file work_30.cif (mmCIF, C-alpha atoms)
data_work
#
loop_
_atom_site.label_atom_id
_atom_site.label_comp_id
_atom_site.auth_asym_id
_atom_site.auth_seq_id
_atom_site.Cartn_x
_atom_site.Cartn_y
_atom_site.Cartn_z
CA MET A 265 -12.60 -21.78 -2.32
CA LYS A 266 -10.70 -20.27 0.59
CA VAL A 267 -10.43 -16.55 1.38
CA GLY A 268 -8.82 -14.41 4.05
CA ILE A 269 -10.28 -11.19 5.48
CA TYR A 270 -8.42 -8.34 7.14
CA GLY A 271 -9.54 -4.98 8.50
CA GLN A 272 -8.09 -2.45 10.94
CA PHE A 273 -11.17 -0.59 12.12
CA TYR A 274 -14.88 -1.11 12.54
CA HIS A 275 -16.28 2.05 10.96
CA GLN A 276 -19.67 3.40 11.92
CA ASN A 277 -22.45 1.89 9.80
CA SER A 278 -20.02 -0.58 8.19
CA GLY A 279 -21.43 -3.59 10.03
CA ILE A 280 -24.16 -4.15 7.47
CA TYR A 281 -21.59 -4.38 4.67
CA ILE A 282 -19.37 -6.80 6.59
CA GLN A 283 -22.42 -8.97 7.24
CA GLN A 284 -23.31 -8.85 3.53
CA LEU A 285 -19.82 -10.01 2.61
CA LEU A 286 -19.81 -12.87 5.12
CA GLU A 287 -23.31 -13.97 4.10
CA ALA A 288 -22.44 -13.89 0.38
CA LEU A 289 -19.35 -16.02 1.00
CA HIS A 290 -21.29 -18.41 3.23
CA GLN A 291 -23.94 -18.94 0.54
CA ARG A 292 -21.18 -20.00 -1.85
CA ASN A 293 -19.65 -22.43 0.67
CA VAL A 294 -16.42 -20.43 0.82
CA GLU A 295 -13.99 -21.21 3.63
CA VAL A 296 -13.40 -17.89 5.42
CA VAL A 297 -10.45 -17.10 7.70
CA ILE A 298 -10.45 -13.70 9.46
CA GLU A 299 -7.54 -11.86 11.06
CA LYS A 300 -7.84 -12.36 14.82
CA ASN A 301 -8.09 -8.73 15.99
CA PHE A 302 -10.58 -7.86 13.25
CA LEU A 303 -12.70 -10.89 14.13
CA GLU A 304 -12.78 -9.69 17.74
CA LEU A 305 -13.94 -6.24 16.56
CA ILE A 306 -16.71 -7.82 14.50
CA ASN A 307 -17.85 -9.97 17.42
CA LEU A 308 -17.82 -6.91 19.67
CA HIS A 309 -20.30 -5.07 17.46
CA ASP A 310 -22.33 -7.80 15.77
CA ASP A 311 -23.72 -11.21 16.51
CA ILE A 312 -22.21 -13.76 14.10
CA ASP A 313 -23.95 -17.09 13.87
CA LYS A 314 -20.98 -18.92 12.39
CA ASN A 315 -17.66 -19.56 14.15
CA TYR A 316 -14.83 -18.43 11.87
CA SER A 317 -11.23 -19.56 11.86
CA HIS A 318 -8.64 -16.85 12.37
CA PHE A 319 -4.99 -16.04 11.72
CA SER A 320 -2.61 -13.71 13.52
CA THR A 321 0.67 -13.75 11.62
CA PHE A 322 2.13 -14.20 8.16
CA GLU A 323 3.41 -17.63 9.15
CA GLU A 324 -0.17 -18.88 9.56
CA LEU A 325 -1.02 -18.16 5.90
CA ASP A 326 -0.08 -20.20 2.85
CA THR A 327 -0.72 -20.47 -0.87
CA SER A 328 -3.99 -22.40 -0.35
CA TYR A 329 -5.85 -19.06 -0.19
CA ASP A 330 -7.60 -18.08 -3.42
CA LEU A 331 -8.35 -14.48 -2.44
CA PHE A 332 -7.78 -11.95 0.31
CA PHE A 333 -10.34 -9.24 1.16
CA SER A 334 -9.08 -6.00 2.67
CA ILE A 335 -11.91 -4.05 4.36
CA GLY A 336 -11.14 -0.38 5.00
CA GLY A 337 -9.21 2.17 2.99
CA ASP A 338 -5.88 2.31 1.20
CA GLY A 339 -4.03 2.23 4.51
CA THR A 340 -5.68 -1.08 5.31
CA ILE A 341 -4.45 -2.52 2.02
CA LEU A 342 -0.90 -1.39 2.85
CA LYS A 343 -1.22 -3.27 6.14
CA THR A 344 -2.74 -6.29 4.37
CA ILE A 345 0.38 -6.75 2.25
CA THR A 346 2.41 -7.34 5.44
CA TYR A 347 0.40 -10.55 5.86
CA VAL A 348 0.28 -11.63 2.22
CA ARG A 349 3.95 -10.82 1.43
CA ASP A 350 5.32 -13.12 -1.29
CA LEU A 351 2.44 -15.63 -1.25
CA GLU A 352 0.94 -13.97 -4.36
CA ILE A 353 -2.61 -14.17 -2.97
CA PRO A 354 -4.81 -11.70 -4.95
CA ILE A 355 -6.07 -8.79 -2.81
CA ALA A 356 -9.54 -7.27 -3.27
CA GLY A 357 -9.99 -3.94 -1.52
CA ILE A 358 -13.45 -3.01 -0.19
CA ASN A 359 -13.57 0.70 0.54
CA THR A 360 -15.22 1.60 3.85
CA GLY A 361 -12.81 4.51 4.34
CA ARG A 362 -12.49 7.83 2.53
CA LEU A 363 -10.80 8.21 -0.87
CA GLY A 364 -10.10 4.56 -1.57
CA PHE A 365 -7.73 4.83 -4.52
CA LEU A 366 -6.48 1.25 -4.09
CA ALA A 367 -9.63 -0.07 -2.42
CA THR A 368 -11.85 0.27 -5.47
CA ILE A 369 -14.85 -1.91 -4.48
CA LYS A 370 -17.56 0.36 -3.11
CA LYS A 371 -19.15 -0.87 0.10
CA GLU A 372 -22.60 -0.22 -1.36
CA GLU A 373 -21.75 -2.59 -4.24
CA ILE A 374 -20.39 -5.55 -2.26
CA LEU A 375 -23.02 -8.03 -3.42
CA SER A 376 -22.72 -7.18 -7.11
CA SER A 377 -18.93 -7.11 -6.82
CA ILE A 378 -18.85 -10.55 -5.19
CA GLU A 379 -20.96 -11.79 -8.08
CA LEU A 380 -18.47 -10.40 -10.59
CA ILE A 381 -15.57 -11.99 -8.73
CA PHE A 382 -17.20 -15.43 -8.71
CA GLU A 383 -17.99 -15.04 -12.41
CA LYS A 384 -14.27 -14.34 -12.95
CA ARG A 385 -15.11 -10.92 -14.38
CA TYR A 386 -11.98 -9.28 -13.04
CA TYR A 387 -8.28 -9.12 -13.79
CA LEU A 388 -5.17 -9.00 -11.65
CA SER A 389 -3.05 -5.86 -11.60
CA PRO A 390 0.50 -6.81 -10.49
CA ARG A 391 2.05 -4.05 -8.35
CA SER A 392 5.80 -3.58 -7.92
CA ILE A 393 7.21 -3.70 -4.39
CA LEU A 394 10.23 -1.86 -2.99
CA MET A 395 12.59 -3.33 -0.43
CA VAL A 396 15.25 -1.69 1.72
CA GLU A 397 18.57 -2.94 3.02
CA ASP A 398 20.27 -1.11 5.88
CA THR A 399 23.66 -1.14 7.55
CA SER A 400 22.52 -0.62 11.13
CA GLY A 401 21.34 -4.14 11.92
CA ASP A 402 17.78 -3.05 12.74
CA GLU A 403 16.00 -6.40 13.22
CA ASP A 404 12.49 -4.92 12.87
CA LEU A 405 13.48 -3.35 9.58
CA LYS A 406 14.90 -6.65 8.35
CA GLU A 407 11.66 -8.47 9.24
CA LEU A 408 9.35 -6.14 7.26
CA ASN A 409 11.67 -4.47 4.79
CA PHE A 410 9.25 -3.87 1.91
CA ALA A 411 6.64 -1.32 0.82
CA MET A 412 4.08 -1.07 -1.97
CA ASN A 413 3.74 2.74 -2.06
CA GLU A 414 7.05 4.26 -1.08
CA ILE A 415 10.15 4.21 1.05
CA ALA A 416 11.02 7.64 2.44
CA VAL A 417 13.71 9.16 4.63
CA SER A 418 12.99 12.28 6.67
CA ARG A 419 14.27 14.44 9.51
CA ARG A 420 13.59 13.58 13.16
CA ASN A 421 13.20 15.83 16.21
CA THR A 422 14.45 18.89 14.39
CA THR A 423 13.32 21.71 12.14
CA SER A 424 16.66 21.63 10.34
CA MET A 425 17.03 20.08 6.92
CA ILE A 426 18.82 16.82 6.35
CA THR A 427 21.22 16.08 3.52
CA VAL A 428 20.45 12.99 1.47
CA HIS A 429 23.50 11.87 -0.52
CA THR A 430 21.99 9.86 -3.37
CA SER A 431 23.55 7.35 -5.78
CA ILE A 432 21.98 5.23 -8.52
CA ASP A 433 23.76 1.97 -9.39
CA ASN A 434 26.78 3.25 -7.45
CA GLU A 435 26.94 6.41 -9.58
CA PHE A 436 26.54 9.63 -7.57
CA LEU A 437 23.38 11.58 -8.44
CA THR A 438 23.30 14.53 -6.05
CA SER A 439 22.95 15.59 -2.42
CA TYR A 440 19.45 16.78 -1.60
CA TRP A 441 19.12 19.48 1.06
CA ALA A 442 15.53 18.92 2.13
CA ASP A 443 13.14 17.66 4.77
CA GLY A 444 13.57 14.24 3.23
CA LEU A 445 13.39 12.11 0.10
CA ILE A 446 10.76 9.72 -1.28
CA VAL A 447 11.35 6.72 -3.53
CA ALA A 448 7.94 5.69 -4.86
CA THR A 449 6.55 2.90 -7.00
CA PRO A 450 3.94 3.56 -9.72
CA THR A 451 1.32 2.56 -7.15
CA GLY A 452 2.73 5.07 -4.68
CA SER A 453 3.00 7.82 -7.28
CA THR A 454 -0.56 8.89 -6.40
CA GLY A 455 0.26 9.14 -2.68
CA TYR A 456 2.96 10.95 -0.70
CA SER A 457 5.08 11.56 -3.80
CA LEU A 458 2.19 13.27 -5.58
CA SER A 459 1.62 15.64 -2.66
CA CYS A 460 5.30 16.63 -2.93
CA GLY A 461 5.04 17.43 -6.63
CA GLY A 462 5.83 14.03 -8.12
CA PRO A 463 4.26 12.71 -11.34
CA VAL A 464 1.42 10.20 -11.66
CA MET A 465 2.52 6.91 -13.21
CA MET A 466 0.39 4.11 -14.63
CA PRO A 467 0.44 1.01 -12.36
CA ASP A 468 2.14 -1.17 -14.99
CA THR A 469 4.99 1.29 -15.59
CA ASN A 470 8.43 -0.26 -14.97
CA SER A 471 9.71 2.84 -13.22
CA LEU A 472 10.37 4.46 -9.87
CA VAL A 473 10.25 8.14 -8.97
CA ILE A 474 12.65 9.93 -6.63
CA THR A 475 10.87 12.93 -5.11
CA PRO A 476 12.46 15.41 -2.65
CA ILE A 477 10.40 16.61 0.30
CA ALA A 478 10.46 20.42 0.58
CA PRO A 479 13.91 20.79 -1.05
CA HIS A 480 15.97 23.92 -0.45
CA ASN A 481 17.09 23.84 -4.09
CA LEU A 482 15.16 25.56 -6.86
CA ASN A 483 16.49 23.03 -9.35
CA ALA A 484 15.60 19.90 -7.34
CA ARG A 485 12.80 18.15 -9.17
CA PRO A 486 11.32 14.63 -9.13
CA LEU A 487 13.31 12.13 -11.20
CA VAL A 488 11.82 9.05 -12.90
CA ILE A 489 14.19 6.09 -13.28
CA SER A 490 13.97 2.47 -14.39
CA ASP A 491 12.85 0.11 -11.63
CA ASP A 492 15.85 -2.18 -12.11
CA LYS A 493 18.11 0.46 -10.58
CA GLU A 494 19.62 0.24 -7.10
CA ILE A 495 19.38 3.43 -5.04
CA LYS A 496 21.72 4.19 -2.16
CA LEU A 497 20.99 6.94 0.35
CA ARG A 498 23.37 8.25 3.01
CA ILE A 499 21.77 10.74 5.35
CA SER A 500 23.54 13.52 7.23
CA SER A 501 21.62 15.27 9.99
CA ARG A 502 22.18 17.60 12.93
CA GLU A 503 20.49 14.97 15.06
CA GLU A 504 21.82 11.56 15.99
CA ASP A 505 19.30 9.76 13.82
CA TYR A 506 16.65 10.11 11.12
CA LEU A 507 13.44 8.35 10.10
CA VAL A 508 12.86 5.70 7.46
CA SER A 509 9.23 5.01 6.58
CA LEU A 510 7.97 2.04 4.59
CA ASP A 511 4.41 2.95 3.67
CA SER A 512 3.04 3.63 7.17
CA ARG A 513 5.73 1.81 9.17
CA ILE A 514 8.43 4.02 10.69
CA HIS A 515 11.94 3.08 11.81
CA THR A 516 14.77 5.10 13.31
CA GLN A 517 18.22 4.91 11.74
CA PRO A 518 21.55 6.36 12.99
CA ASP A 519 22.96 9.45 11.33
CA GLU A 520 25.44 8.86 8.47
CA SER A 521 24.16 5.34 7.91
CA THR A 522 23.42 4.11 4.38
CA ILE A 523 20.32 2.34 3.15
CA THR A 524 19.90 0.59 -0.19
CA ILE A 525 16.54 0.59 -1.98
CA LYS A 526 15.65 -1.70 -4.86
CA LYS A 527 12.72 -3.58 -6.36
CA ALA A 528 11.67 -6.66 -4.42
CA PRO A 529 11.67 -10.10 -6.10
CA PHE A 530 7.88 -10.42 -5.70
CA LYS A 531 4.76 -8.40 -6.54
CA MET A 532 1.29 -7.83 -5.09
CA ASN A 533 -1.70 -8.83 -7.21
CA MET A 534 -4.59 -6.40 -6.88
CA VAL A 535 -8.07 -7.50 -7.97
CA VAL A 536 -9.62 -5.05 -10.44
CA LEU A 537 -13.22 -5.56 -11.55
CA GLU A 538 -14.03 -5.28 -15.24
CA SER A 539 -16.16 -2.24 -14.44
CA ASN A 540 -13.16 -0.39 -12.96
CA CYS A 541 -9.95 0.95 -14.46
CA PHE A 542 -7.08 3.12 -13.31
CA LEU A 543 -7.89 6.05 -15.60
CA GLU A 544 -11.51 6.15 -14.46
CA THR A 545 -10.38 6.11 -10.83
CA LEU A 546 -7.95 8.93 -11.63
CA ARG A 547 -10.73 11.05 -13.11
CA LYS A 548 -13.38 10.34 -10.49
CA LYS A 549 -11.39 10.25 -7.26
CA MET A 550 -8.54 12.66 -8.04
CA LEU A 551 -10.47 14.90 -10.42
CA TRP A 552 -7.79 14.44 -13.09
CA GLY A 553 -8.17 17.05 -15.82
CA GLU A 554 -11.21 18.58 -14.11
CA ASP A 555 -12.33 21.47 -16.31
CA LYS A 556 -15.78 23.00 -16.63
CA ARG A 557 -15.26 23.10 -20.39
CA ASN A 558 -15.37 19.27 -20.36
CA LYS A 559 -18.90 19.25 -18.92
CA ILE A 560 -21.63 18.20 -21.30
CA SER A 561 -24.64 20.47 -21.03
#

call {"tool": "encode", "arguments": {"input": "work_30.cif", "output": "structure tokens"}}
result
Amino acid sequence: MKVGIYGQFYHQNSGIYIQQLLEALHQRNVEVVIEKNFLELINLHDDIDKNYSHFSTFEELDTSYDLFFSIGGDGTILKTITYVRDLEIPIAGINTGRLGFLATIKKEEILSSIELIFEKRYYLSPRSILMVEDTSGDEDLKELNFAMNEIAVSRRNTTSMITVHTSIDNEFLTSYWADGLIVATPTGSTGYSLSCGGPVMMPDTNSLVITPIAPHNLNARPLVISDDKEIKLRISSREEDYLVSLDSRIHTQPDESTITIKKAPFKMNMVVLESNCFLETLRKKMLWGEDKRNKIS
């Protein structure tokens, strides 16, 4: 078996859990390859007896990997997908961060979770991916043009609203006067879109949600559409440019340019243990339906 490991930060008191993971994999004769910068962080804080191979870029990975561990929070998983891309390597998120809505494996339960994984007591949850096409020739945007949570446009260097002229399958929808606009996947429906009033969607829903950011229209509400639709956005601003964000990656685009958003031809496979499920996570971590009348005395 061959696994990859990626992390962004070395959190306080997380060393013991990283060591537990590495030891558990070593005991099972698993070939482990760690992202170069994360490996350097580990070596900086802990003494590792074994010399591990490392990778630095997407090009160094291939389909020979059976699993990919993301150590951190949800933001770390969003960075992990920039390495995995269309290789379809299953991603298991170990939460050493805060909320951990995507990273569902608790750090205190690493050993038992590893046991469940090796016993095949998990399932894969395929997650839809969005991709963006632009007309400005931004090479960085072309290189990493996809997102698992959302693609959003927003104002830049101004307190003035922007106008987002929006079309779906080349049919004009409306022009949003707002701070910006979010196009979110079901996975991203519990993130930025939710904080702007968008609905929660089950991960396997074949839909997208268009959510305005602080709209100056009383009748501007989130809109759920089928995920086979193509969305075109043309942004008008008082500034010379505006921002396009793909999960946590931000790009600058020229004013009056058009971007096209649609579902990518590949998905991300998230590892979900049998003991976890989306609805339980919704109740426990987002306090869904929290009501003192539901408490059992």

call {"tool": "atom_distance", "arguments": {"input": "work_30.cif", "atom1": "CA of Gly357 in chain A", "atom2": "CA of Ser418 in chain A"}}
result
29.3 Å

call {"tool": "atom_distance", "arguments": {"input": "work_30.cif", "atom1": "CA of Gly462 in chain A", "atom2": "CA of Pro476 in chain A"}}
result
8.7 Å

call {"tool": "closest_atom_pairs", "arguments": {"input": "work_30.cif", "of": "range 478-499 of chain A", "to": "range 433-442 of chain A", "cutoff": "8 Å", "atoms": "only C-alpha atoms", "output": "tab-separated table"}}
result
residue	atom	partner	partner_atom	distance
A:Ala478	CA	A:Ala442	CA	5.5
A:Pro479	CA	A:Ala442	CA	4.0
A:His480	CA	A:Ala442	CA	5.6
A:Asn481	CA	A:Trp441	CA	7.0
A:Ala484	CA	A:Tyr440	CA	7.6
A:Lys493	CA	A:Asp433	CA	6.0
A:Glu494	CA	A:Asp433	CA	5.0
A:Ile495	CA	A:Asp433	CA	6.3
A:Lys496	CA	A:Asn434	CA	7.4

call {"tool": "write_last_selection", "arguments": {"input": "work_30.cif", "atoms": "C-alpha atoms", "output": "PDB file, in the coordinates of the input"}}
result
ATOM      1  CA  ALA A 478      10.460  20.420   0.580  1.00  0.00           C
ATOM      2  CA  PRO A 479      13.910  20.790  -1.050  1.00  0.00           C
ATOM      3  CA  HIS A 480      15.970  23.920  -0.450  1.00  0.00           C
ATOM      4  CA  ASN A 481      17.090  23.840  -4.090  1.00  0.00           C
ATOM      5  CA  ALA A 484      15.600  19.900  -7.340  1.00  0.00           C
ATOM      6  CA  LYS A 493      18.110   0.460 -10.580  1.00  0.00           C
ATOM      7  CA  GLU A 494      19.620   0.240  -7.100  1.00  0.00           C
ATOM      8  CA  ILE A 495      19.380   3.430  -5.040  1.00  0.00           C
ATOM      9  CA  LYS A 496      21.720   4.190  -2.160  1.00  0.00           C
TER      10      LYS A 496
END

call {"tool": "resolve_selection", "arguments": {"input": "work_30.cif", "expression": "the PyMOL selection byres ((chain A and resi 408) around 12)", "output": "ChimeraX atom specification"}}
result
/A:322,343,345-350,394-397,402-407,409-412,509-515,528

call {"tool": "closest_residue", "arguments": {"input": "work_30.cif", "among": "A:Ile341, A:Met425, A:Ile446, A:Ala367", "to": "Phe542 in chain A", "atoms": "all atoms listed in the file"}}
result
A:Ala367

call {"tool": "atom_distance", "arguments": {"input": "work_30.cif", "atom1": "CA of Glu295 in chain A", "atom2": "CA of Phe333 in chain A"}}
result
12.8 Å

call {"tool": "resolve_selection", "arguments": {"input": "work_30.cif", "expression": "the PyMOL selection byres ((chain A and resi 372) around 12)", "output": "ChimeraX atom specification"}}
result
/A:277-282,284-285,358-360,368-371,373-378

call {"tool": "resolve_selection", "arguments": {"input": "work_30.cif", "expression": "the PyMOL selection byres ((chain A and resi 505) around 7)", "output": "ChimeraX atom specification"}}
result
/A:420,503-504,506,516-519

call {"tool": "residues_near_point", "arguments": {"input": "work_30.cif", "point": "(-3.6, -4.2, -10.4)", "cutoff": "12 Å", "atoms": "all atoms listed in the file", "output": "PyMOL selection string"}}
result
chain A and resi 354-357+365-368+386-392+412+450-451+466-469+531-538+540-542

call {"tool": "axis_aligned_box", "arguments": {"input": "work_30.cif", "around": "range 299-306 of chain A", "padding_each_side": "3 Å", "output": "AutoDock Vina command-line options"}}
result
--center_x -12.1 --center_y -9.3 --center_z 14.4 --size_x 15.2 --size_y 12.1 --size_z 12.7

call {"tool": "closest_residue", "arguments": {"input": "work_30.cif", "among": "A:Leu487, A:Leu363, A:Val508, A:Ile393", "to": "Arg419 in chain A", "atoms": "all atoms listed in the file"}}
result
A:Val508

call {"tool": "closest_residue", "arguments": {"input": "work_30.cif", "among": "A:Leu305, A:Ala288, A:Val473, A:Ile426", "to": "Glu520 in chain A", "atoms": "all atoms listed in the file"}}
result
A:Ile426

call {"tool": "decode", "arguments": {"input": "work_30.cif", "residues": "range 507-518 of chain A", "atoms": "N, CA, C and O atoms", "output": "CSV table (one decimal), in the first residue's frame"}}
result
chain,number,residue,atom,x,y,z
A,507,LEU,N,-11.8,40.7,-7.8
A,507,LEU,CA,-11.2,39.5,-7.4
A,507,LEU,C,-12.0,38.3,-7.7
A,507,LEU,O,-13.2,38.3,-7.7
A,508,VAL,N,-11.3,37.2,-8.1
A,508,VAL,CA,-11.9,35.9,-8.3
A,508,VAL,C,-11.2,35.0,-7.3
A,508,VAL,O,-9.9,34.9,-7.3
A,509,SER,N,-12.0,34.3,-6.4
A,509,SER,CA,-11.4,33.4,-5.5
A,509,SER,C,-11.9,32.0,-5.8
A,509,SER,O,-13.0,31.7,-6.1
A,510,LEU,N,-10.9,31.0,-5.8
A,510,LEU,CA,-11.2,29.6,-5.9
A,510,LEU,C,-10.8,28.9,-4.6
A,510,LEU,O,-9.6,28.7,-4.4
A,511,ASP,N,-11.8,28.7,-3.8
A,511,ASP,CA,-11.6,28.2,-2.4
A,511,ASP,C,-10.7,29.3,-1.8
A,511,ASP,O,-11.2,30.4,-1.5
A,512,SER,N,-9.5,29.1,-1.4
A,512,SER,CA,-8.7,30.1,-0.8
A,512,SER,C,-7.7,30.8,-1.7
A,512,SER,O,-6.9,31.6,-1.2
A,513,ARG,N,-7.7,30.5,-3.0
A,513,ARG,CA,-6.8,31.0,-3.9
A,513,ARG,C,-7.4,32.2,-4.6
A,513,ARG,O,-8.5,32.1,-5.2
A,514,ILE,N,-6.7,33.4,-4.6
A,514,ILE,CA,-7.3,34.6,-5.1
A,514,ILE,C,-6.5,35.1,-6.3
A,514,ILE,O,-5.3,35.1,-6.4
A,515,HIS,N,-7.3,35.5,-7.4
A,515,HIS,CA,-6.7,36.1,-8.6
A,515,HIS,C,-7.4,37.4,-8.9
A,515,HIS,O,-8.5,37.7,-8.5
A,516,THR,N,-6.7,38.3,-9.6
A,516,THR,CA,-7.2,39.6,-10.0
A,516,THR,C,-7.6,39.5,-11.5
A,516,THR,O,-6.8,39.0,-12.3
A,517,GLN,N,-8.8,40.0,-11.8
A,517,GLN,CA,-9.2,40.0,-13.1
A,517,GLN,C,-9.6,41.5,-13.6
A,517,GLN,O,-10.0,42.3,-12.7
A,518,PRO,N,-9.4,41.8,-14.8
A,518,PRO,CA,-9.7,43.2,-15.3
A,518,PRO,C,-11.2,43.4,-15.3
A,518,PRO,O,-12.0,42.5,-15.6
